[in-house]
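Quick look at query11.txt (compact mmCIF, N, CA and C atoms):
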```txt
# COMPACT_ATOMS: atom_id res chain seq x y z
N MET A 1 0.82 -1.19 0.00
CA MET A 1 0.00 0.00 0.00
C MET A 1 0.86 1.25 0.00
N MET A 2 1.86 1.27 0.89
CA MET A 2 2.74 2.44 0.99
C MET A 2 3.55 2.63 -0.29
N ARG A 3 3.98 1.51 -0.87
CA ARG A 3 4.72 1.59 -2.14
C ARG A 3 3.84 2.19 -3.23
N GLY A 4 2.63 1.81 -3.27
CA GLY A 4 1.69 2.32 -4.27
C GLY A 4 1.49 3.82 -4.13
N LEU A 5 1.35 4.31 -2.91
CA LEU A 5 1.19 5.75 -2.69
C LEU A 5 2.46 6.51 -3.07
N LEU A 6 3.61 5.97 -2.69
CA LEU A 6 4.88 6.63 -3.05
C LEU A 6 5.09 6.63 -4.56
N PHE A 7 4.75 5.51 -5.20
CA PHE A 7 4.86 5.44 -6.65
C PHE A 7 3.92 6.45 -7.31
N PHE A 8 2.70 6.53 -6.85
CA PHE A 8 1.73 7.49 -7.38
C PHE A 8 2.22 8.93 -7.16
N LEU A 9 2.75 9.21 -5.98
CA LEU A 9 3.27 10.54 -5.68
C LEU A 9 4.46 10.89 -6.59
N ALA A 10 5.34 9.92 -6.81
CA ALA A 10 6.50 10.15 -7.70
C ALA A 10 6.04 10.43 -9.12
N ILE A 11 5.09 9.65 -9.62
CA ILE A 11 4.55 9.87 -10.96
C ILE A 11 3.89 11.24 -11.05
N PHE A 12 3.17 11.62 -10.02
CA PHE A 12 2.49 12.92 -9.96
C PHE A 12 3.52 14.06 -10.04
N VAL A 13 4.59 13.98 -9.27
CA VAL A 13 5.63 15.01 -9.26
C VAL A 13 6.34 15.08 -10.61
N VAL A 14 6.67 13.94 -11.19
CA VAL A 14 7.34 13.91 -12.50
C VAL A 14 6.42 14.50 -13.57
N TYR A 15 5.14 14.16 -13.53
CA TYR A 15 4.18 14.69 -14.49
C TYR A 15 4.14 16.23 -14.45
N PHE A 16 4.03 16.79 -13.25
CA PHE A 16 3.94 18.25 -13.14
C PHE A 16 5.28 18.91 -13.48
N ALA A 17 6.38 18.26 -13.22
CA ALA A 17 7.68 18.83 -13.59
C ALA A 17 7.81 18.90 -15.10
N ILE A 18 7.46 17.81 -15.77
CA ILE A 18 7.54 17.78 -17.24
C ILE A 18 6.56 18.78 -17.84
N LYS A 19 5.36 18.83 -17.29
CA LYS A 19 4.34 19.77 -17.77
C LYS A 19 4.82 21.21 -17.65
N THR A 20 5.46 21.55 -16.53
CA THR A 20 5.97 22.90 -16.30
C THR A 20 7.09 23.24 -17.28
N VAL A 21 7.99 22.30 -17.50
CA VAL A 21 9.10 22.54 -18.43
C VAL A 21 8.59 22.72 -19.85
N VAL A 22 7.69 21.87 -20.28
CA VAL A 22 7.15 21.96 -21.64
C VAL A 22 6.37 23.25 -21.82
N ARG A 23 5.53 23.60 -20.86
CA ARG A 23 4.75 24.84 -20.95
C ARG A 23 5.67 26.06 -21.03
N SER A 24 6.71 26.06 -20.22
CA SER A 24 7.66 27.16 -20.22
C SER A 24 8.38 27.27 -21.57
N ALA A 25 8.78 26.13 -22.11
CA ALA A 25 9.48 26.13 -23.41
C ALA A 25 8.57 26.64 -24.52
N VAL A 26 7.32 26.20 -24.52
CA VAL A 26 6.37 26.64 -25.55
C VAL A 26 6.11 28.14 -25.42
N ARG A 27 5.89 28.60 -24.20
CA ARG A 27 5.64 30.03 -23.98
C ARG A 27 6.83 30.86 -24.43
N SER A 28 8.03 30.41 -24.08
CA SER A 28 9.23 31.15 -24.46
C SER A 28 9.40 31.18 -25.97
N TYR A 29 9.11 30.07 -26.63
CA TYR A 29 9.21 30.01 -28.09
C TYR A 29 8.25 30.99 -28.73
N HIS A 30 7.01 31.02 -28.28
CA HIS A 30 6.03 31.92 -28.87
C HIS A 30 6.32 33.38 -28.52
N ASP A 31 6.81 33.67 -27.33
CA ASP A 31 7.16 35.04 -26.97
C ASP A 31 8.30 35.55 -27.83
N ASP A 32 9.32 34.70 -28.07
CA ASP A 32 10.44 35.09 -28.93
C ASP A 32 9.96 35.36 -30.34
N ASP A 33 9.04 34.51 -30.82
CA ASP A 33 8.51 34.68 -32.17
C ASP A 33 7.76 35.99 -32.29
N GLU A 34 6.94 36.33 -31.30
CA GLU A 34 6.19 37.60 -31.32
C GLU A 34 7.13 38.79 -31.23
N GLN A 35 8.16 38.68 -30.39
CA GLN A 35 9.12 39.78 -30.27
C GLN A 35 9.85 39.98 -31.58
N ARG A 36 10.20 38.89 -32.25
CA ARG A 36 10.90 39.00 -33.52
C ARG A 36 10.03 39.69 -34.56
N ARG A 37 8.74 39.36 -34.56
CA ARG A 37 7.83 39.98 -35.52
C ARG A 37 7.62 41.46 -35.23
N SER A 38 7.53 41.80 -33.95
CA SER A 38 7.21 43.17 -33.59
C SER A 38 8.46 44.05 -33.53
N ARG A 39 9.62 43.44 -33.46
CA ARG A 39 10.85 44.22 -33.35
C ARG A 39 11.13 44.89 -34.69
N ARG A 40 11.36 46.16 -34.64
CA ARG A 40 11.64 46.91 -35.85
C ARG A 40 13.14 47.19 -35.90
N VAL A 41 13.72 46.85 -37.00
CA VAL A 41 15.15 47.06 -37.15
C VAL A 41 15.37 48.52 -37.53
N ILE A 42 16.12 49.19 -36.69
CA ILE A 42 16.42 50.59 -36.95
C ILE A 42 17.89 50.66 -37.34
N GLY A 43 18.16 51.20 -38.49
CA GLY A 43 19.53 51.27 -38.94
C GLY A 43 19.65 52.19 -40.13
N ASP A 44 20.79 52.11 -40.73
CA ASP A 44 21.05 52.96 -41.88
C ASP A 44 20.49 52.33 -43.15
N GLU A 45 20.16 53.18 -44.09
CA GLU A 45 19.66 52.70 -45.38
C GLU A 45 20.82 52.14 -46.18
N MET A 46 20.58 51.01 -46.82
CA MET A 46 21.61 50.38 -47.65
C MET A 46 21.27 50.63 -49.12
N VAL A 47 22.30 50.83 -49.92
CA VAL A 47 22.11 51.03 -51.36
C VAL A 47 22.98 50.01 -52.10
N LEU A 48 22.55 49.65 -53.30
CA LEU A 48 23.25 48.65 -54.10
C LEU A 48 24.19 49.32 -55.09
N ASP A 49 25.45 48.91 -55.06
CA ASP A 49 26.44 49.38 -56.02
C ASP A 49 26.16 48.66 -57.34
N PRO A 50 25.85 49.39 -58.43
CA PRO A 50 25.49 48.73 -59.69
C PRO A 50 26.69 48.07 -60.38
N GLU A 51 27.89 48.43 -60.00
CA GLU A 51 29.08 47.86 -60.63
C GLU A 51 29.45 46.51 -60.04
N CYS A 52 29.65 46.44 -58.75
CA CYS A 52 30.08 45.17 -58.12
C CYS A 52 28.97 44.49 -57.35
N HIS A 53 27.78 45.07 -57.34
CA HIS A 53 26.58 44.50 -56.69
C HIS A 53 26.79 44.27 -55.19
N THR A 54 27.45 45.20 -54.55
CA THR A 54 27.66 45.16 -53.11
C THR A 54 26.72 46.17 -52.46
N TYR A 55 26.17 45.80 -51.31
CA TYR A 55 25.35 46.75 -50.56
C TYR A 55 26.25 47.59 -49.68
N VAL A 56 25.98 48.90 -49.67
CA VAL A 56 26.79 49.86 -48.92
C VAL A 56 25.85 50.75 -48.11
N VAL A 57 26.31 51.14 -46.93
CA VAL A 57 25.55 52.10 -46.13
C VAL A 57 25.50 53.41 -46.91
N LYS A 58 24.31 53.96 -47.08
CA LYS A 58 24.11 55.12 -47.93
C LYS A 58 24.98 56.32 -47.51
N ASP A 59 25.14 56.50 -46.19
CA ASP A 59 25.94 57.63 -45.70
C ASP A 59 27.41 57.51 -46.07
N ARG A 60 27.88 56.29 -46.27
CA ARG A 60 29.30 56.06 -46.59
C ARG A 60 29.56 55.83 -48.07
N ALA A 61 28.51 55.76 -48.86
CA ALA A 61 28.65 55.46 -50.28
C ALA A 61 29.13 56.67 -51.07
N ILE A 62 29.76 56.40 -52.20
CA ILE A 62 30.18 57.44 -53.14
C ILE A 62 29.00 57.70 -54.07
N ALA A 63 28.54 58.94 -54.12
CA ALA A 63 27.37 59.28 -54.93
C ALA A 63 27.82 59.99 -56.20
N ARG A 64 27.27 59.57 -57.33
CA ARG A 64 27.52 60.22 -58.61
C ARG A 64 26.20 60.36 -59.34
N ARG A 65 26.06 61.48 -60.07
CA ARG A 65 24.87 61.69 -60.88
C ARG A 65 25.21 61.23 -62.29
N ILE A 66 24.55 60.17 -62.72
CA ILE A 66 24.81 59.60 -64.05
C ILE A 66 23.50 59.61 -64.82
N ARG A 67 23.50 60.35 -65.92
CA ARG A 67 22.30 60.50 -66.77
C ARG A 67 21.10 60.99 -65.97
N GLY A 68 21.35 61.89 -65.04
CA GLY A 68 20.28 62.50 -64.27
C GLY A 68 19.81 61.69 -63.07
N THR A 69 20.39 60.53 -62.86
CA THR A 69 19.99 59.68 -61.74
C THR A 69 21.14 59.60 -60.74
N LEU A 70 20.82 59.79 -59.48
CA LEU A 70 21.83 59.68 -58.44
C LEU A 70 22.11 58.21 -58.20
N THR A 71 23.38 57.82 -58.39
CA THR A 71 23.79 56.43 -58.26
C THR A 71 24.85 56.34 -57.18
N TYR A 72 24.79 55.28 -56.37
CA TYR A 72 25.72 55.12 -55.25
C TYR A 72 26.67 53.96 -55.51
N PHE A 73 27.92 54.15 -55.07
CA PHE A 73 28.96 53.15 -55.28
C PHE A 73 29.69 52.89 -53.97
N CYS A 74 30.34 51.71 -53.90
CA CYS A 74 31.08 51.35 -52.69
C CYS A 74 32.44 52.02 -52.64
N SER A 75 32.99 52.37 -53.83
CA SER A 75 34.32 52.98 -53.86
C SER A 75 34.47 53.85 -55.11
N GLU A 76 35.53 54.63 -55.09
CA GLU A 76 35.84 55.47 -56.27
C GLU A 76 36.14 54.59 -57.48
N ALA A 77 36.83 53.47 -57.26
CA ALA A 77 37.18 52.57 -58.36
C ALA A 77 35.92 52.04 -59.06
N CYS A 78 34.94 51.62 -58.28
CA CYS A 78 33.69 51.13 -58.87
C CYS A 78 32.96 52.26 -59.60
N ALA A 79 32.99 53.46 -59.05
CA ALA A 79 32.34 54.60 -59.70
C ALA A 79 33.00 54.88 -61.05
N ARG A 80 34.33 54.88 -61.08
CA ARG A 80 35.06 55.12 -62.34
C ARG A 80 34.76 54.04 -63.37
N GLN A 81 34.81 52.77 -62.96
CA GLN A 81 34.54 51.67 -63.90
C GLN A 81 33.13 51.77 -64.47
N TYR A 82 32.17 52.09 -63.63
CA TYR A 82 30.79 52.20 -64.08
C TYR A 82 30.63 53.37 -65.05
N GLU A 83 31.27 54.50 -64.74
CA GLU A 83 31.19 55.67 -65.62
C GLU A 83 31.81 55.36 -66.98
N GLU A 84 32.94 54.65 -66.97
CA GLU A 84 33.60 54.30 -68.24
C GLU A 84 32.73 53.37 -69.08
N LYS A 85 32.07 52.42 -68.46
CA LYS A 85 31.21 51.50 -69.18
C LYS A 85 29.98 52.18 -69.75
N ASN A 86 29.49 53.20 -69.05
CA ASN A 86 28.22 53.84 -69.42
C ASN A 86 28.37 55.21 -70.06
N ARG A 87 29.52 55.49 -70.59
CA ARG A 87 29.66 56.77 -71.31
C ARG A 87 28.99 56.67 -72.66
N ALA A 88 28.24 57.68 -72.95
CA ALA A 88 27.59 57.68 -74.27
C ALA A 88 27.29 59.09 -74.68
```
Since I need it in another form, could you write the structure as structure tokens?
Amino acid sequence: MMRGLLFFLAIFVVYFAIKTVVRSAVRSYHDDDEQRRSRRVIGDEMVLDPECHTYVVKDRAIARRIRGTLTYFCSEACARQYEEKNRA
């Protein structure tokens, strides 16, 4: 009789321990997912260099006006190469 009660008590404790761990893991997973969705990334605007196809922070990019359009480059070398290719 005593063994049965102790066994039942042990099963009861293990059940609630597992239930608590699983519930906590699920809650944490869903909270992280919601935070990721609601989190807004604040940063600098990135622009694409048309010559080497590299993304560059707009504030650090080399800007050139080519055929009336402002174009951004990662370096002076890329700007020169692009200008030479597109001279007309």
Interatomic distance, CA of Glu51 (chain A) to CA of Tyr82 (chain A) (Å, one decimal):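 Going from CA of Glu51 (chain A) over to CA of Tyr82 (chain A) covers 5.8 Å.
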Name the residues, using the chain letters and numbers of the file, that sit within 5 Å of (26.6, 52.7, -59.4) when counting all atoms listed in the file, and give them as a ChimeraX atom specification. /A:49-51,71-73
When DSSP works through the backbone of this structure, what residues of chain A end up as alpha helix (DSSP H), shown as an NGL selection string? :A and (2-38 or 76-85)
Go ahead and save the picked residues with N, CA and C atoms, as a CSV table (one decimal), in the coordinates of the input.
```csv
chain,number,residue,atom,x,y,z
A,2,MET,N,1.9,1.3,0.9
A,2,MET,CA,2.7,2.4,1.0
A,2,MET,C,3.6,2.6,-0.3
A,3,ARG,N,4.0,1.5,-0.9
A,3,ARG,CA,4.7,1.6,-2.1
A,3,ARG,C,3.8,2.2,-3.2
A,4,GLY,N,2.6,1.8,-3.3
A,4,GLY,CA,1.7,2.3,-4.3
A,4,GLY,C,1.5,3.8,-4.1
A,5,LEU,N,1.4,4.3,-2.9
A,5,LEU,CA,1.2,5.8,-2.7
A,5,LEU,C,2.5,6.5,-3.1
A,6,LEU,N,3.6,6.0,-2.7
A,6,LEU,CA,4.9,6.6,-3.0
A,6,LEU,C,5.1,6.6,-4.6
A,7,PHE,N,4.8,5.5,-5.2
A,7,PHE,CA,4.9,5.4,-6.6
A,7,PHE,C,3.9,6.4,-7.3
A,8,PHE,N,2.7,6.5,-6.8
A,8,PHE,CA,1.7,7.5,-7.4
A,8,PHE,C,2.2,8.9,-7.2
A,9,LEU,N,2.8,9.2,-6.0
A,9,LEU,CA,3.3,10.5,-5.7
A,9,LEU,C,4.5,10.9,-6.6
A,10,ALA,N,5.3,9.9,-6.8
A,10,ALA,CA,6.5,10.2,-7.7
A,10,ALA,C,6.0,10.4,-9.1
A,11,ILE,N,5.1,9.6,-9.6
A,11,ILE,CA,4.6,9.9,-11.0
A,11,ILE,C,3.9,11.2,-11.0
A,12,PHE,N,3.2,11.6,-10.0
A,12,PHE,CA,2.5,12.9,-10.0
A,12,PHE,C,3.5,14.1,-10.0
A,13,VAL,N,4.6,14.0,-9.3
A,13,VAL,CA,5.6,15.0,-9.3
A,13,VAL,C,6.3,15.1,-10.6
A,14,VAL,N,6.7,13.9,-11.2
A,14,VAL,CA,7.3,13.9,-12.5
A,14,VAL,C,6.4,14.5,-13.6
A,15,TYR,N,5.1,14.2,-13.5
A,15,TYR,CA,4.2,14.7,-14.5
A,15,TYR,C,4.1,16.2,-14.4
A,16,PHE,N,4.0,16.8,-13.2
A,16,PHE,CA,3.9,18.2,-13.1
A,16,PHE,C,5.3,18.9,-13.5
A,17,ALA,N,6.4,18.3,-13.2
A,17,ALA,CA,7.7,18.8,-13.6
A,17,ALA,C,7.8,18.9,-15.1
A,18,ILE,N,7.5,17.8,-15.8
A,18,ILE,CA,7.5,17.8,-17.2
A,18,ILE,C,6.6,18.8,-17.8
A,19,LYS,N,5.4,18.8,-17.3
A,19,LYS,CA,4.3,19.8,-17.8
A,19,LYS,C,4.8,21.2,-17.6
A,20,THR,N,5.5,21.6,-16.5
A,20,THR,CA,6.0,22.9,-16.3
A,20,THR,C,7.1,23.2,-17.3
A,21,VAL,N,8.0,22.3,-17.5
A,21,VAL,CA,9.1,22.5,-18.4
A,21,VAL,C,8.6,22.7,-19.8
A,22,VAL,N,7.7,21.9,-20.3
A,22,VAL,CA,7.2,22.0,-21.6
A,22,VAL,C,6.4,23.2,-21.8
A,23,ARG,N,5.5,23.6,-20.9
A,23,ARG,CA,4.8,24.8,-21.0
A,23,ARG,C,5.7,26.1,-21.0
A,24,SER,N,6.7,26.1,-20.2
A,24,SER,CA,7.7,27.2,-20.2
A,24,SER,C,8.4,27.3,-21.6
A,25,ALA,N,8.8,26.1,-22.1
A,25,ALA,CA,9.5,26.1,-23.4
A,25,ALA,C,8.6,26.6,-24.5
A,26,VAL,N,7.3,26.2,-24.5
A,26,VAL,CA,6.4,26.6,-25.6
A,26,VAL,C,6.1,28.1,-25.4
A,27,ARG,N,5.9,28.6,-24.2
A,27,ARG,CA,5.6,30.0,-24.0
A,27,ARG,C,6.8,30.9,-24.4
A,28,SER,N,8.0,30.4,-24.1
A,28,SER,CA,9.2,31.2,-24.5
A,28,SER,C,9.4,31.2,-26.0
A,29,TYR,N,9.1,30.1,-26.6
A,29,TYR,CA,9.2,30.0,-28.1
A,29,TYR,C,8.2,31.0,-28.7
A,30,HIS,N,7.0,31.0,-28.3
A,30,HIS,CA,6.0,31.9,-28.9
A,30,HIS,C,6.3,33.4,-28.5
A,31,ASP,N,6.8,33.7,-27.3
A,31,ASP,CA,7.2,35.0,-27.0
A,31,ASP,C,8.3,35.6,-27.8
A,32,ASP,N,9.3,34.7,-28.1
A,32,ASP,CA,10.4,35.1,-28.9
A,32,ASP,C,10.0,35.4,-30.3
A,33,ASP,N,9.0,34.5,-30.8
A,33,ASP,CA,8.5,34.7,-32.2
A,33,ASP,C,7.8,36.0,-32.3
A,34,GLU,N,6.9,36.3,-31.3
A,34,GLU,CA,6.2,37.6,-31.3
A,34,GLU,C,7.1,38.8,-31.2
A,35,GLN,N,8.2,38.7,-30.4
A,35,GLN,CA,9.1,39.8,-30.3
A,35,GLN,C,9.8,40.0,-31.6
A,36,ARG,N,10.2,38.9,-32.2
A,36,ARG,CA,10.9,39.0,-33.5
A,36,ARG,C,10.0,39.7,-34.6
A,37,ARG,N,8.7,39.4,-34.6
A,37,ARG,CA,7.8,40.0,-35.5
A,37,ARG,C,7.6,41.5,-35.2
A,38,SER,N,7.5,41.8,-34.0
A,38,SER,CA,7.2,43.2,-33.6
A,38,SER,C,8.5,44.0,-33.5
A,76,GLU,N,35.5,54.6,-55.1
A,76,GLU,CA,35.8,55.5,-56.3
A,76,GLU,C,36.1,54.6,-57.5
A,77,ALA,N,36.8,53.5,-57.3
A,77,ALA,CA,37.2,52.6,-58.4
A,77,ALA,C,35.9,52.0,-59.1
A,78,CYS,N,34.9,51.6,-58.3
A,78,CYS,CA,33.7,51.1,-58.9
A,78,CYS,C,33.0,52.3,-59.6
A,79,ALA,N,33.0,53.5,-59.0
A,79,ALA,CA,32.3,54.6,-59.7
A,79,ALA,C,33.0,54.9,-61.0
A,80,ARG,N,34.3,54.9,-61.1
A,80,ARG,CA,35.1,55.1,-62.3
A,80,ARG,C,34.8,54.0,-63.4
A,81,GLN,N,34.8,52.8,-63.0
A,81,GLN,CA,34.5,51.7,-63.9
A,81,GLN,C,33.1,51.8,-64.5
A,82,TYR,N,32.2,52.1,-63.6
A,82,TYR,CA,30.8,52.2,-64.1
A,82,TYR,C,30.6,53.4,-65.0
A,83,GLU,N,31.3,54.5,-64.7
A,83,GLU,CA,31.2,55.7,-65.6
A,83,GLU,C,31.8,55.4,-67.0
A,84,GLU,N,32.9,54.6,-67.0
A,84,GLU,CA,33.6,54.3,-68.2
A,84,GLU,C,32.7,53.4,-69.1
A,85,LYS,N,32.1,52.4,-68.5
A,85,LYS,CA,31.2,51.5,-69.2
A,85,LYS,C,30.0,52.2,-69.8
```
Find the distance between CA of Arg65 (chain A) and atom N of Asp44 (chain A) and write it in Å to one decimal.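 Between CA of Arg65 (chain A) and atom N of Asp44 (chain A) the gap is 22.7 Å.
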Find, counting all atoms listed in the file, the residue in A:Arg87, A:Ile62, A:Ser24, A:His53 that gets nearest to Ser75 (chain A). A:Ile62
Expressed in Å to a single decimal, how great is the separation between CA of Ile18 (chain A) and atom N of Arg3 (chain A)? 23.4 Å
For Met46 (chain A), which of A:Met2, A:Asp59, A:Lys85, A:Ala77 is the closest residue, counting all atoms listed in the file?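 Comparing A:Met2, A:Asp59, A:Lys85, A:Ala77 against Met46 (chain A), the winner is A:Asp59.
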Compile the contact shell of Ile66 (chain A) as a PyMOL selection string: residues with an atom at most 9 Å away, counting only C-alpha atoms, same-chain residues fewer than 3 positions apart removed. chain A and resi 69-71+83+86
Write out, as a compact mmCIF listing (two decimals), keeping the file's coordinate frame, the residues just selected, with N, CA and C atoms.
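Below is the file that was written, out_3.txt:
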```txt
# COMPACT_ATOMS: atom_id res chain seq x y z
N THR A 69 20.39 60.53 -62.86
CA THR A 69 19.99 59.68 -61.74
C THR A 69 21.14 59.60 -60.74
N LEU A 70 20.82 59.79 -59.48
CA LEU A 70 21.83 59.68 -58.44
C LEU A 70 22.11 58.21 -58.20
N THR A 71 23.38 57.82 -58.39
CA THR A 71 23.79 56.43 -58.26
C THR A 71 24.85 56.34 -57.18
N GLU A 83 31.27 54.50 -64.74
CA GLU A 83 31.19 55.67 -65.62
C GLU A 83 31.81 55.36 -66.98
N ASN A 86 29.49 53.20 -69.05
CA ASN A 86 28.22 53.84 -69.42
C ASN A 86 28.37 55.21 -70.06
```
Using DSSP on the backbone coordinates, identify the residues of chain A assigned to strand (DSSP E); present them as a ChimeraX atom specification. /A:46-48,55-57,62-66,69-73
